[in-house]
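Asks: Mind having a look at this structure? Questions to follow.
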Amino acid sequence: MNQLQPGEDLSIQFQKIGRDYLFTICGGDQHIGAVSTAYKGQGTDQQEWVVQTNKVPGHKEYVLTEPMAQQAAQELQATVTVCAGIHYDHLTTSEIEAVVDRAWKQFLLTLSAMK
């Protein structure tokens, strides 16, 4: 029986909510580790995108959710929330890098298909 490599079961789903978007990214032991929302700032320069993040203590998914929310918001010109929960036991540094790379590739493919 072939066992999946870390990241092979990653899933990215999106939902359009009015004029905004919600992305969920899950893999391994799925959960909610971090949530980031990117939106146009209300200050003097309304072209600037602001990202706000909530993260569960001890979780590092924000390293994906923050830049992904910002990139999607800029490309879609909408408020975007990205929620992620990815967990695999005992990964090496190179395995973590591979999971992050796979998540980004899938996210960019999803984003590209939406345009």
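In the structure tokens, each chain is lettered A, B, ... as it comes, each chain's residues begin at 1, and ligands are numbered from 1 in order of appearance.
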Please give the complete set of residues from chain A that DSSP, run on the backbone, assigns to strand (DSSP E or B), formatted as an MDAnalysis selection string.
Replies: chainID A and resid 11:17 20:28 34:40 49:55 80:87
Asks: Neighbours of range 11-28 of chain A within 7 Å (only C-alpha atoms; same-chain residues fewer than 3 positions away dropped), as a ChimeraX atom specification?
Replies: /A:7,78-88,107
Asks: Atoms to include: N, CA, C and O atoms. Write the selected residues as a short mmCIF file (atom, residue, chain, number, x, y, z; two decimals), in the first residue's frame.
Replies:
```
data_model
loop_
_atom_site.label_atom_id
_atom_site.label_comp_id
_atom_site.auth_asym_id
_atom_site.auth_seq_id
_atom_site.Cartn_x
_atom_site.Cartn_y
_atom_site.Cartn_z
N GLY A 7 1.90 16.51 2.38
CA GLY A 7 1.49 17.53 1.43
C GLY A 7 0.72 16.99 0.24
O GLY A 7 0.04 17.75 -0.45
N ALA A 78 -10.55 42.35 -4.07
CA ALA A 78 -11.66 42.06 -3.15
C ALA A 78 -11.08 41.75 -1.78
O ALA A 78 -9.89 41.50 -1.64
N THR A 79 -11.94 41.78 -0.78
CA THR A 79 -11.53 41.32 0.54
C THR A 79 -11.40 39.80 0.48
O THR A 79 -12.27 39.11 -0.08
N VAL A 80 -10.31 39.29 1.03
CA VAL A 80 -10.03 37.86 0.98
C VAL A 80 -9.63 37.36 2.37
O VAL A 80 -8.80 37.98 3.04
N THR A 81 -10.21 36.24 2.77
CA THR A 81 -9.82 35.56 4.00
C THR A 81 -9.25 34.20 3.63
O THR A 81 -9.83 33.48 2.81
N VAL A 82 -8.10 33.88 4.23
CA VAL A 82 -7.47 32.58 4.03
C VAL A 82 -7.36 31.91 5.39
O VAL A 82 -6.81 32.48 6.33
N CYS A 83 -7.91 30.71 5.49
CA CYS A 83 -7.88 29.91 6.72
C CYS A 83 -7.06 28.66 6.43
O CYS A 83 -7.29 28.00 5.40
N ALA A 84 -6.10 28.33 7.29
CA ALA A 84 -5.27 27.15 7.04
C ALA A 84 -5.08 26.32 8.31
O ALA A 84 -4.95 26.87 9.40
N GLY A 85 -5.05 25.03 8.10
CA GLY A 85 -4.73 24.08 9.16
C GLY A 85 -4.06 22.87 8.54
O GLY A 85 -4.71 22.06 7.88
N ILE A 86 -2.76 22.78 8.70
CA ILE A 86 -1.97 21.71 8.10
C ILE A 86 -1.09 21.13 9.20
O ILE A 86 -0.37 21.88 9.86
N HIS A 87 -1.14 19.81 9.37
CA HIS A 87 -0.27 19.20 10.38
C HIS A 87 0.16 17.80 9.96
O HIS A 87 -0.68 16.96 9.63
N TYR A 88 1.45 17.59 10.00
CA TYR A 88 2.04 16.27 9.80
C TYR A 88 3.05 16.07 10.92
O TYR A 88 3.80 16.99 11.24
N PHE A 107 -2.22 26.91 -4.45
CA PHE A 107 -2.92 28.17 -4.24
C PHE A 107 -2.85 29.03 -5.50
O PHE A 107 -3.86 29.58 -5.95
#
```
Asks: For Glu8 in chain A, find every residue with an atom within 10 Å (counting only C-alpha atoms), except residues of its own chain fewer than 4 positions away, and show them as a VMD selection string.
Replies: chain A and resid 3 to 4 27 to 28 98 to 99 102 to 103
Asks: Those same residues, written as a JSON list (two decimals), in the first residue's frame with all heavy atoms?
Replies:
```json
[["chain", "number", "residue", "atom", "x", "y", "z"],
["A", 3, "GLN", "N", 1.89, 4.89, 0.78],
["A", 3, "GLN", "CA", 1.56, 5.91, 1.77],
["A", 3, "GLN", "C", 1.81, 7.28, 1.15],
["A", 3, "GLN", "O", 2.79, 7.48, 0.45],
["A", 3, "GLN", "CB", 2.42, 5.74, 3.01],
["A", 3, "GLN", "CG", 2.02, 6.65, 4.13],
["A", 3, "GLN", "CD", 2.79, 6.31, 5.40],
["A", 3, "GLN", "OE1", 3.53, 5.35, 5.47],
["A", 3, "GLN", "NE2", 2.61, 7.13, 6.41],
["A", 4, "LEU", "N", 0.90, 8.20, 1.40],
["A", 4, "LEU", "CA", 1.05, 9.56, 0.87],
["A", 4, "LEU", "C", 2.22, 10.25, 1.52],
["A", 4, "LEU", "O", 2.48, 10.10, 2.71],
["A", 4, "LEU", "CB", -0.22, 10.38, 1.15],
["A", 4, "LEU", "CG", -1.47, 10.01, 0.38],
["A", 4, "LEU", "CD1", -2.65, 10.88, 0.85],
["A", 4, "LEU", "CD2", -1.28, 10.17, -1.10],
["A", 27, "GLY", "N", -4.50, 20.02, 5.26],
["A", 27, "GLY", "CA", -3.71, 18.84, 4.92],
["A", 27, "GLY", "C", -3.31, 18.10, 6.17],
["A", 27, "GLY", "O", -3.19, 18.70, 7.24],
["A", 28, "GLY", "N", -3.11, 16.80, 6.04],
["A", 28, "GLY", "CA", -2.72, 16.00, 7.19],
["A", 28, "GLY", "C", -3.83, 15.96, 8.23],
["A", 28, "GLY", "O", -4.98, 15.71, 7.90],
["A", 98, "ALA", "N", 8.85, 21.35, 1.37],
["A", 98, "ALA", "CA", 8.09, 20.72, 0.28],
["A", 98, "ALA", "C", 6.59, 20.94, 0.46],
["A", 98, "ALA", "O", 5.87, 21.20, -0.52],
["A", 98, "ALA", "CB", 8.41, 19.23, 0.20],
["A", 99, "VAL", "N", 6.09, 20.86, 1.70],
["A", 99, "VAL", "CA", 4.66, 21.09, 1.96],
["A", 99, "VAL", "C", 4.31, 22.55, 1.66],
["A", 99, "VAL", "O", 3.30, 22.83, 1.01],
["A", 99, "VAL", "CB", 4.30, 20.72, 3.42],
["A", 99, "VAL", "CG1", 2.89, 21.19, 3.77],
["A", 99, "VAL", "CG2", 4.43, 19.21, 3.63],
["A", 102, "ARG", "N", 4.29, 23.04, -2.09],
["A", 102, "ARG", "CA", 3.09, 22.43, -2.69],
["A", 102, "ARG", "C", 1.85, 23.30, -2.42],
["A", 102, "ARG", "O", 1.01, 23.50, -3.30],
["A", 102, "ARG", "CB", 2.87, 21.02, -2.14],
["A", 102, "ARG", "CG", 1.70, 20.30, -2.78],
["A", 102, "ARG", "CD", 1.53, 18.90, -2.18],
["A", 102, "ARG", "NE", 2.62, 18.02, -2.52],
["A", 102, "ARG", "CZ", 2.61, 17.21, -3.59],
["A", 102, "ARG", "NH1", 1.59, 17.21, -4.40],
["A", 102, "ARG", "NH2", 3.63, 16.41, -3.81],
["A", 103, "ALA", "N", 1.75, 23.82, -1.20],
["A", 103, "ALA", "CA", 0.60, 24.68, -0.86],
["A", 103, "ALA", "C", 0.59, 25.92, -1.75],
["A", 103, "ALA", "O", -0.47, 26.30, -2.27],
["A", 103, "ALA", "CB", 0.65, 25.07, 0.61]]
```
Asks: From the options A:Val50, A:Val100, A:Ile32, A:Leu10, which residue's atoms come nearest to Val63 in chain A, counting only C-alpha atoms?
Replies: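 Distance minimum relative to Val63 in chain A lands on A:Val100.
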Asks: Find the residues around Asn54 in chain A up to 10 Å (only C-alpha atoms counted), leave out those fewer than 5 positions away in its own chain, and share them as a PyMOL selection string.
Replies: chain A and resi 33-37+62+65-66+83
Asks: Got time to write the residues from that selection, N, CA and C atoms, as an mmCIF file, in the first residue's frame?
Replies:
```cif
data_model
loop_
_atom_site.group_PDB
_atom_site.id
_atom_site.type_symbol
_atom_site.label_atom_id
_atom_site.label_comp_id
_atom_site.auth_asym_id
_atom_site.auth_seq_id
_atom_site.Cartn_x
_atom_site.Cartn_y
_atom_site.Cartn_z
ATOM 1 N N GLY A 33 -5.433 26.601 12.165
ATOM 2 C CA GLY A 33 -4.199 27.073 12.796
ATOM 3 C C GLY A 33 -4.038 28.572 12.702
ATOM 4 N N ALA A 34 -4.495 29.149 11.575
ATOM 5 C CA ALA A 34 -4.387 30.599 11.387
ATOM 6 C C ALA A 34 -5.418 31.058 10.364
ATOM 7 N N VAL A 35 -5.858 32.299 10.538
ATOM 8 C CA VAL A 35 -6.810 32.923 9.629
ATOM 9 C C VAL A 35 -6.327 34.341 9.368
ATOM 10 N N SER A 36 -6.204 34.695 8.091
ATOM 11 C CA SER A 36 -5.783 36.054 7.714
ATOM 12 C C SER A 36 -6.793 36.654 6.760
ATOM 13 N N THR A 37 -7.091 37.926 6.962
ATOM 14 C CA THR A 37 -7.991 38.657 6.082
ATOM 15 C C THR A 37 -7.253 39.871 5.538
ATOM 16 N N TYR A 62 0.230 30.886 9.692
ATOM 17 C CA TYR A 62 0.186 32.295 9.306
ATOM 18 C C TYR A 62 1.263 32.643 8.274
ATOM 19 N N THR A 65 -0.948 31.981 5.359
ATOM 20 C CA THR A 65 -2.206 32.726 5.233
ATOM 21 C C THR A 65 -2.003 34.209 4.976
ATOM 22 N N GLU A 66 -1.009 34.824 5.624
ATOM 23 C CA GLU A 66 -0.808 36.263 5.446
ATOM 24 C C GLU A 66 -0.437 36.642 4.014
ATOM 25 N N CYS A 83 -7.908 30.711 5.495
ATOM 26 C CA CYS A 83 -7.875 29.908 6.723
ATOM 27 C C CYS A 83 -7.060 28.659 6.426
#
```
Asks: As a count of residues only, please: the residues near His90 in chain A (cut-off 12 Å, only C-alpha atoms, same-chain neighbours under 5 positions excluded).
Replies: 4
Asks: Restricting the calculation to only C-alpha atoms, which member of A:His31, A:Lys60, A:Lys105, A:Lys115 is positioned closest to Gln77 in chain A?
Replies: A:Lys115
